[in-house]
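Everything on this sheet refers to the single structure shown next.
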Amino acid sequence: RVLFNKNAGTMPLPVMKNKGTVDPRDKSSTEVLQLETAMGAAIQCFQGSIAIVAPRSRFAPVKTTGDLLAFRSDAYVLTDDHRIVLHESRKGVAPNVKLDSMYKFADAMEGLIPKGAPSLKECKALTITGKLSFCRGVTIKGEVTIQNLSDERRLIPPGCYENMVLDLTVVQTKAATSDSFWSTHQTKMEQAACSAAAISSFKRSFAILVSGSDTCVPEPTLEVVGPLQRYESLEIQPKVALLAKTVILKLNGGLGTSMSLGKAKSMLRVTNDYSFLDLVAMQVESLNEDFSSDVRFMVMN
């Protein structure tokens, strides 16, 4: 709390900068620098915190549209307590889905699977190149590459494709440095109804940027992480009484700028028409029902 109060309700985390354009789809649009902070670094702010190695059943990141497509497929299942986990037949190994850069953005990926994702339950790797759309009823097994080098969109017809390269190119089967400069940014953020904490946090990041400070972490300053305890090895005895003192705090997801989203990734539809945020809320409800508790749930932007 002392740290939060000292920094206007924010944590003074390391700042990173990423180069991009105002419109990620248009490389000729105005160049910008995206200033970010690494949420994982927040562990340093909490005394007594530790790190553990979590299995895929507990943590499955969605960093690309390829990851999202896999989540939409039958390689993952929705449990009764509203968690998305890999199908048991996959033995903890997710399919490796690599999509052409034209599907980098979420809406473009939707055009790839207008009838739903193909079956990937038995897929080891799937590579997609060119303008393609899956028909309903496609099953991928093993390692499969599907490509279309023409300028016309091709349909991937229903069927089972196993350990092969499918080339649809020819044959188409039917189917600032001063306070005055900062004030401009502050005014813009205030007009957009940004919170005081958000403005304060960005001002700090902006000041670091214009100061010329190195935003890279020098390798010699990094310490080797010692052996980490694995989640599966933890001996946990539930203490229901602790739930009365528990708050579940979830990061509301990144802004998904790499997928050209105008909202947090937690709002993406992932399965059964539920978003990630829907599933998290239902997980908390399920927890409270199972233990007759009233665990508080907070979302952090």
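Residues in the structure tokens are numbered from 1 in each chain, the chains being A, B, ... in the order shown, and ligands are numbered from 1 in the order shown.
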Region 268-272 of chain A: which residues within 9 Å, counting only C-alpha atoms, same-chain residues fewer than 5 positions away excluded, as an MDAnalysis selection string?
-> chainID A and resid 68:69 71:73 77:78 84 106 263 277
Take the residues from that selection and write them out as a PDB file, in the first residue's frame, keeping N, CA, C and O atoms.
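As written to disk, part-v4.pdb reads:
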ATOM      1  N   LEU A  68      -5.233 -18.372 -30.731  1.00  0.00           N
ATOM      2  CA  LEU A  68      -6.678 -18.201 -30.586  1.00  0.00           C
ATOM      3  C   LEU A  68      -7.436 -19.234 -31.410  1.00  0.00           C
ATOM      4  O   LEU A  68      -8.439 -19.793 -30.951  1.00  0.00           O
ATOM      5  N   LEU A  69      -6.966 -19.510 -32.628  1.00  0.00           N
ATOM      6  CA  LEU A  69      -7.620 -20.513 -33.465  1.00  0.00           C
ATOM      7  C   LEU A  69      -7.583 -21.879 -32.786  1.00  0.00           C
ATOM      8  O   LEU A  69      -8.581 -22.613 -32.792  1.00  0.00           O
ATOM      9  N   PHE A  71      -7.494 -22.432 -29.598  1.00  0.00           N
ATOM     10  CA  PHE A  71      -8.447 -22.373 -28.490  1.00  0.00           C
ATOM     11  C   PHE A  71      -9.874 -22.611 -28.980  1.00  0.00           C
ATOM     12  O   PHE A  71     -10.699 -23.197 -28.273  1.00  0.00           O
ATOM     13  N   ARG A  72     -10.175 -22.152 -30.180  1.00  0.00           N
ATOM     14  CA  ARG A  72     -11.514 -22.298 -30.725  1.00  0.00           C
ATOM     15  C   ARG A  72     -11.802 -23.746 -31.149  1.00  0.00           C
ATOM     16  O   ARG A  72     -12.950 -24.110 -31.368  1.00  0.00           O
ATOM     17  N   SER A  73     -10.767 -24.541 -31.292  1.00  0.00           N
ATOM     18  CA  SER A  73     -10.925 -25.899 -31.819  1.00  0.00           C
ATOM     19  C   SER A  73     -11.226 -26.890 -30.706  1.00  0.00           C
ATOM     20  O   SER A  73     -11.238 -26.555 -29.519  1.00  0.00           O
ATOM     21  N   VAL A  77     -11.065 -28.071 -24.310  1.00  0.00           N
ATOM     22  CA  VAL A  77     -12.430 -28.329 -23.838  1.00  0.00           C
ATOM     23  C   VAL A  77     -12.746 -27.385 -22.687  1.00  0.00           C
ATOM     24  O   VAL A  77     -11.843 -26.902 -21.983  1.00  0.00           O
ATOM     25  N   LEU A  78     -14.024 -27.124 -22.507  1.00  0.00           N
ATOM     26  CA  LEU A  78     -14.492 -26.271 -21.421  1.00  0.00           C
ATOM     27  C   LEU A  78     -14.962 -27.172 -20.281  1.00  0.00           C
ATOM     28  O   LEU A  78     -15.855 -27.998 -20.455  1.00  0.00           O
ATOM     29  N   ILE A  84     -10.751 -23.518 -19.498  1.00  0.00           N
ATOM     30  CA  ILE A  84     -10.405 -24.050 -20.819  1.00  0.00           C
ATOM     31  C   ILE A  84      -9.104 -24.830 -20.673  1.00  0.00           C
ATOM     32  O   ILE A  84      -8.066 -24.260 -20.305  1.00  0.00           O
ATOM     33  N   ALA A 106      -7.260 -10.140 -35.499  1.00  0.00           N
ATOM     34  CA  ALA A 106      -8.339 -11.044 -35.097  1.00  0.00           C
ATOM     35  C   ALA A 106      -9.445 -11.139 -36.136  1.00  0.00           C
ATOM     36  O   ALA A 106      -9.966 -12.227 -36.405  1.00  0.00           O
ATOM     37  N   LYS A 263      -9.904  -3.296 -27.847  1.00  0.00           N
ATOM     38  CA  LYS A 263     -10.395  -3.679 -26.524  1.00  0.00           C
ATOM     39  C   LYS A 263      -9.429  -4.674 -25.916  1.00  0.00           C
ATOM     40  O   LYS A 263      -8.538  -5.193 -26.591  1.00  0.00           O
ATOM     41  N   LEU A 277     -13.206 -13.155 -20.187  1.00  0.00           N
ATOM     42  CA  LEU A 277     -13.700 -12.520 -18.965  1.00  0.00           C
ATOM     43  C   LEU A 277     -14.950 -13.229 -18.452  1.00  0.00           C
ATOM     44  O   LEU A 277     -15.132 -13.395 -17.246  1.00  0.00           O
TER      45      LEU A 277
END
From the set A:Ile248, A:Val299, A:Val240, A:Leu33, which residue has the shortest atom-to-atom contact distance to Ala264 (chain A), counting only C-alpha atoms?
->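 Nearest candidate to Ala264 (chain A) out of A:Ile248, A:Val299, A:Val240, A:Leu33: A:Val299.
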Which of these residues is nearest to Val22 (chain A), using only C-alpha atoms: A:Val93, A:Gln34, A:Ser233, A:Val210?
->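 Once distances to Val22 (chain A) are computed over only C-alpha atoms, the minimum belongs to A:Gln34.
The two atoms in question, CA of Pro114 (chain A) and CA of Val280 (chain A), are spaced 25.9 Å apart.
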Pick from A:Gln283, A:Val62, A:Ser275, A:Ser260: nearest to Gly20 (chain A), with only C-alpha atoms counted?
->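 Of the candidates, the smallest distance to Gly20 (chain A) is held by A:Ser260.
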Could you list, as a CSV table (one decimal) with N, CA and C atoms, in the first residue's frame, every residue within 8 Å of Leu166 (chain A), counting only C-alpha atoms and ignoring same-chain residues fewer than 2 positions away?
chain,number,residue,atom,x,y,z
A,144,VAL,N,0.4,-30.8,-40.9
A,144,VAL,CA,-0.3,-30.4,-42.2
A,144,VAL,C,0.1,-29.0,-42.5
A,145,THR,N,0.4,-28.8,-43.8
A,145,THR,CA,0.6,-27.4,-44.4
A,145,THR,C,-0.5,-27.2,-45.5
A,146,ILE,N,-1.2,-26.1,-45.4
A,146,ILE,CA,-2.2,-25.8,-46.5
A,146,ILE,C,-1.8,-24.4,-47.0
A,147,GLN,N,-1.6,-24.4,-48.4
A,147,GLN,CA,-1.2,-23.1,-49.0
A,147,GLN,C,-2.0,-22.8,-50.2
A,164,MET,N,0.4,-34.0,-44.5
A,164,MET,CA,0.5,-33.7,-45.9
A,164,MET,C,0.6,-32.3,-46.1
A,168,LEU,N,-3.6,-25.5,-52.8
A,168,LEU,CA,-4.8,-25.1,-53.4
A,168,LEU,C,-4.6,-23.9,-54.4
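Minimum distance to Ala207 (chain A) across A:Asp81, A:Val15, A:Glu143, A:Phe4 (counting only C-alpha atoms) occurs at A:Val15.
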Mind checking DSSP for region 1-215 of chain A and telling me the strand (DSSP E or B) residues as JSON, numbers by chain?
-> {"A": [15, 16, 17, 18, 19, 20, 21, 31, 32, 33, 34, 35, 36, 37, 53, 76, 77, 78, 84, 85, 86, 96, 97, 98, 99, 119, 120, 121, 122, 123, 124, 125, 126, 127, 128, 129, 132, 133, 134, 138, 139, 140, 141, 142, 143, 144, 145, 146, 147, 154, 155, 156, 159, 160, 161, 162, 163, 164, 165, 166, 167]}
Could you save the residues just selected, with C-alpha atoms, as a CSV table (one decimal), in the first residue's frame?
chain,number,residue,atom,x,y,z
A,15,VAL,CA,9.3,0.5,-19.0
A,16,MET,CA,9.6,-1.1,-22.5
A,17,LYS,CA,9.1,0.5,-25.8
A,18,ASN,CA,7.8,-1.1,-29.0
A,19,LYS,CA,7.9,0.6,-32.4
A,20,GLY,CA,4.7,0.5,-34.5
A,21,THR,CA,2.3,2.6,-36.5
A,31,GLU,CA,5.0,6.0,-36.6
A,32,VAL,CA,4.5,5.7,-32.8
A,33,LEU,CA,6.2,4.2,-29.8
A,34,GLN,CA,4.1,2.0,-27.6
A,35,LEU,CA,5.2,2.2,-24.0
A,36,GLU,CA,4.5,-0.9,-21.9
A,37,THR,CA,5.3,-2.3,-18.5
A,53,VAL,CA,6.3,-23.6,-12.8
A,76,TYR,CA,-9.4,-27.6,-25.9
A,77,VAL,CA,-12.4,-28.3,-23.8
A,78,LEU,CA,-14.5,-26.3,-21.4
A,84,ILE,CA,-10.4,-24.0,-20.8
A,85,VAL,CA,-8.0,-27.0,-20.8
A,86,LEU,CA,-6.3,-29.2,-23.4
A,96,ASN,CA,1.4,-25.7,-33.0
A,97,VAL,CA,-0.6,-23.4,-35.3
A,98,LYS,CA,1.2,-21.0,-37.5
A,99,LEU,CA,-0.8,-18.6,-39.6
A,119,SER,CA,-10.8,-30.3,-35.6
A,120,LEU,CA,-7.3,-30.1,-34.2
A,121,LYS,CA,-7.6,-32.7,-31.5
A,122,GLU,CA,-5.1,-35.0,-33.3
A,123,CYS,CA,-3.1,-32.2,-34.9
A,124,LYS,CA,0.6,-31.8,-34.1
A,125,ALA,CA,1.3,-28.8,-36.3
A,126,LEU,CA,-0.8,-26.7,-38.8
A,127,THR,CA,0.7,-24.1,-41.1
A,128,ILE,CA,-1.5,-21.8,-43.2
A,129,THR,CA,-0.2,-19.7,-46.1
A,132,LEU,CA,-7.9,-19.5,-47.4
A,133,SER,CA,-11.2,-20.3,-45.6
A,134,PHE,CA,-12.1,-23.5,-43.9
A,138,VAL,CA,-12.4,-30.2,-41.8
A,139,THR,CA,-10.2,-32.5,-39.6
A,140,ILE,CA,-6.4,-32.0,-39.3
A,141,LYS,CA,-4.2,-34.8,-38.0
A,142,GLY,CA,-0.4,-34.9,-37.6
A,143,GLU,CA,1.6,-32.2,-39.4
A,144,VAL,CA,-0.3,-30.4,-42.2
A,145,THR,CA,0.6,-27.4,-44.4
A,146,ILE,CA,-2.2,-25.8,-46.5
A,147,GLN,CA,-1.2,-23.1,-49.0
A,154,ARG,CA,-9.6,-20.7,-51.8
A,155,LEU,CA,-11.9,-22.9,-49.8
A,156,ILE,CA,-10.5,-25.8,-47.8
A,159,GLY,CA,-12.4,-33.9,-45.2
A,160,CYS,CA,-9.5,-35.3,-43.1
A,161,TYR,CA,-6.0,-34.1,-43.9
A,162,GLU,CA,-3.2,-36.1,-42.3
A,163,ASN,CA,0.6,-35.5,-42.5
A,164,MET,CA,0.5,-33.7,-45.9
A,165,VAL,CA,0.9,-30.5,-47.9
A,166,LEU,CA,-2.3,-29.3,-49.5
A,167,ASP,CA,-1.6,-26.9,-52.3
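Put simply, CA of Gly130 (chain A) is 13.6 Å away from CA of Ile113 (chain A).
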Region 65-293 of chain A: residues DSSP assigns to alpha helix (DSSP H), reported as a compact mmCIF listing (two decimals) with N, CA and C atoms, in the first residue's frame:
# COMPACT_ATOMS: atom_id res chain seq x y z
N THR A 65 -2.95 -14.98 -33.16
CA THR A 65 -4.22 -15.48 -33.67
C THR A 65 -4.15 -16.99 -33.89
N GLY A 66 -2.93 -17.51 -34.08
CA GLY A 66 -2.77 -18.96 -34.17
C GLY A 66 -3.16 -19.63 -32.86
N ASP A 67 -2.73 -19.03 -31.75
CA ASP A 67 -3.12 -19.54 -30.43
C ASP A 67 -4.63 -19.49 -30.27
N LEU A 68 -5.23 -18.37 -30.73
CA LEU A 68 -6.68 -18.20 -30.59
C LEU A 68 -7.44 -19.23 -31.41
N LEU A 69 -6.97 -19.51 -32.63
CA LEU A 69 -7.62 -20.51 -33.47
C LEU A 69 -7.58 -21.88 -32.79
N ALA A 70 -6.44 -22.22 -32.17
CA ALA A 70 -6.33 -23.49 -31.46
C ALA A 70 -7.33 -23.56 -30.31
N PHE A 71 -7.49 -22.43 -29.60
CA PHE A 71 -8.45 -22.37 -28.49
C PHE A 71 -9.87 -22.61 -28.98
N ARG A 72 -10.17 -22.15 -30.18
CA ARG A 72 -11.51 -22.30 -30.72
C ARG A 72 -11.80 -23.75 -31.15
N ALA A 106 -7.26 -10.14 -35.50
CA ALA A 106 -8.34 -11.04 -35.10
C ALA A 106 -9.44 -11.14 -36.14
N ASP A 107 -9.84 -10.01 -36.74
CA ASP A 107 -10.93 -10.07 -37.71
C ASP A 107 -10.54 -10.83 -38.97
N ALA A 108 -9.26 -10.76 -39.34
CA ALA A 108 -8.79 -11.52 -40.50
C ALA A 108 -8.84 -13.02 -40.20
N MET A 109 -8.51 -13.39 -38.96
CA MET A 109 -8.59 -14.81 -38.58
C MET A 109 -10.03 -15.30 -38.66
N GLU A 110 -10.99 -14.45 -38.32
CA GLU A 110 -12.40 -14.84 -38.41
C GLU A 110 -12.76 -15.21 -39.84
N GLY A 111 -12.15 -14.51 -40.81
CA GLY A 111 -12.40 -14.82 -42.21
C GLY A 111 -11.81 -16.16 -42.62
N LEU A 112 -10.83 -16.63 -41.87
CA LEU A 112 -10.23 -17.94 -42.14
C LEU A 112 -11.13 -19.07 -41.67
N ASP A 179 7.71 20.19 -20.62
CA ASP A 179 6.45 20.09 -19.90
C ASP A 179 5.28 20.52 -20.79
N SER A 180 5.51 21.50 -21.66
CA SER A 180 4.43 21.95 -22.52
C SER A 180 4.04 20.85 -23.50
N PHE A 181 5.03 20.06 -23.93
CA PHE A 181 4.74 18.96 -24.84
C PHE A 181 3.93 17.89 -24.11
N TRP A 182 4.30 17.63 -22.83
CA TRP A 182 3.55 16.64 -22.06
C TRP A 182 2.12 17.11 -21.83
N SER A 183 1.92 18.40 -21.63
CA SER A 183 0.58 18.90 -21.34
C SER A 183 -0.39 18.58 -22.47
N THR A 184 0.12 18.52 -23.70
CA THR A 184 -0.73 18.17 -24.84
C THR A 184 -1.26 16.75 -24.68
N HIS A 185 -0.35 15.84 -24.28
CA HIS A 185 -0.74 14.45 -24.07
C HIS A 185 -1.71 14.33 -22.88
N GLN A 186 -1.42 15.06 -21.83
CA GLN A 186 -2.28 15.00 -20.65
C GLN A 186 -3.68 15.49 -20.98
N THR A 187 -3.77 16.58 -21.73
CA THR A 187 -5.09 17.10 -22.11
C THR A 187 -5.85 16.07 -22.93
N LYS A 188 -5.16 15.44 -23.86
CA LYS A 188 -5.80 14.42 -24.70
C LYS A 188 -6.33 13.26 -23.86
N MET A 189 -5.55 12.83 -22.86
CA MET A 189 -5.96 11.72 -22.00
C MET A 189 -7.13 12.12 -21.11
N GLU A 190 -7.10 13.34 -20.62
CA GLU A 190 -8.20 13.83 -19.79
C GLU A 190 -9.49 13.93 -20.60
N GLN A 191 -9.38 14.37 -21.85
CA GLN A 191 -10.56 14.46 -22.71
C GLN A 191 -11.12 13.08 -23.02
N ALA A 196 -6.92 9.21 -13.30
CA ALA A 196 -5.72 9.90 -12.83
C ALA A 196 -4.55 8.94 -12.72
N ALA A 197 -4.83 7.68 -12.30
CA ALA A 197 -3.77 6.68 -12.18
C ALA A 197 -3.19 6.36 -13.54
N ALA A 198 -4.05 6.24 -14.57
CA ALA A 198 -3.57 5.93 -15.92
C ALA A 198 -2.71 7.06 -16.46
N ILE A 199 -3.14 8.31 -16.21
CA ILE A 199 -2.38 9.47 -16.68
C ILE A 199 -1.03 9.53 -15.97
N SER A 200 -1.04 9.30 -14.67
CA SER A 200 0.21 9.34 -13.89
C SER A 200 1.17 8.26 -14.35
N SER A 201 0.64 7.07 -14.62
CA SER A 201 1.49 5.96 -15.05
C SER A 201 2.11 6.25 -16.41
N PHE A 202 1.30 6.78 -17.34
CA PHE A 202 1.84 7.08 -18.67
C PHE A 202 2.84 8.23 -18.60
N LYS A 203 2.58 9.21 -17.73
CA LYS A 203 3.51 10.33 -17.62
C LYS A 203 4.89 9.84 -17.19
N ARG A 204 4.91 8.89 -16.27
CA ARG A 204 6.19 8.33 -15.82
C ARG A 204 6.89 7.62 -16.98
N SER A 205 6.13 6.80 -17.74
CA SER A 205 6.71 6.09 -18.88
C SER A 205 7.22 7.08 -19.92
N PHE A 206 6.44 8.13 -20.17
CA PHE A 206 6.80 9.13 -21.16
C PHE A 206 8.08 9.85 -20.74
N ALA A 207 8.20 10.17 -19.45
CA ALA A 207 9.39 10.86 -18.95
C ALA A 207 10.64 10.00 -19.13
N ILE A 208 10.49 8.71 -18.90
CA ILE A 208 11.63 7.80 -19.09
C ILE A 208 12.03 7.77 -20.56
N LEU A 209 11.03 7.77 -21.45
CA LEU A 209 11.31 7.73 -22.88
C LEU A 209 12.10 8.96 -23.32
N VAL A 210 11.59 10.16 -22.99
CA VAL A 210 12.21 11.39 -23.48
C VAL A 210 13.52 11.70 -22.77
N PHE A 276 -13.06 -14.56 -22.58
CA PHE A 276 -12.18 -14.96 -21.48
C PHE A 276 -12.72 -14.40 -20.15
N LEU A 277 -13.21 -13.16 -20.19
CA LEU A 277 -13.70 -12.52 -18.96
C LEU A 277 -14.95 -13.23 -18.45
N ASP A 278 -15.82 -13.66 -19.38
CA ASP A 278 -17.00 -14.44 -18.97
C ASP A 278 -16.57 -15.69 -18.21
N LEU A 279 -15.58 -16.38 -18.75
CA LEU A 279 -15.14 -17.65 -18.15
C LEU A 279 -14.52 -17.42 -16.77
N VAL A 280 -13.74 -16.34 -16.64
CA VAL A 280 -13.13 -16.04 -15.33
C VAL A 280 -14.23 -15.78 -14.30
N ALA A 281 -15.22 -14.97 -14.68
CA ALA A 281 -16.32 -14.66 -13.75
C ALA A 281 -17.07 -15.93 -13.36
N MET A 282 -17.29 -16.83 -14.32
CA MET A 282 -18.00 -18.07 -14.01
C MET A 282 -17.16 -19.00 -13.14
N GLN A 283 -15.82 -18.94 -13.32
CA GLN A 283 -14.94 -19.73 -12.47
C GLN A 283 -15.07 -19.27 -11.01
N VAL A 284 -15.15 -17.94 -10.82
CA VAL A 284 -15.30 -17.41 -9.45
C VAL A 284 -16.65 -17.83 -8.88
N GLU A 285 -17.70 -17.76 -9.70
CA GLU A 285 -19.02 -18.18 -9.24
C GLU A 285 -19.02 -19.65 -8.84
N SER A 286 -18.34 -20.47 -9.65
CA SER A 286 -18.26 -21.90 -9.36
C SER A 286 -17.52 -22.15 -8.06
N LEU A 287 -16.44 -21.40 -7.84
CA LEU A 287 -15.68 -21.53 -6.59
C LEU A 287 -16.56 -21.20 -5.39
N ASN A 288 -17.30 -20.09 -5.49
CA ASN A 288 -18.16 -19.68 -4.38
C ASN A 288 -19.27 -20.69 -4.11
N GLU A 289 -19.81 -21.29 -5.18
CA GLU A 289 -20.85 -22.29 -5.00
C GLU A 289 -20.30 -23.56 -4.35
N ASP A 290 -19.10 -23.99 -4.79
CA ASP A 290 -18.50 -25.22 -4.26
C ASP A 290 -18.18 -25.12 -2.77
N PHE A 291 -17.77 -23.92 -2.33
CA PHE A 291 -17.32 -23.77 -0.95
C PHE A 291 -18.23 -22.87 -0.11
Surrounding residues of Ser57 (chain A) excluding itself and chain neighbours under 2 positions, 8 Å, only C-alpha atoms, as a list in words =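 Listed by chain and then number, they are Ala54, Pro55, Phe59, Ala60, Val85, Leu86 and Gly92 of chain A.
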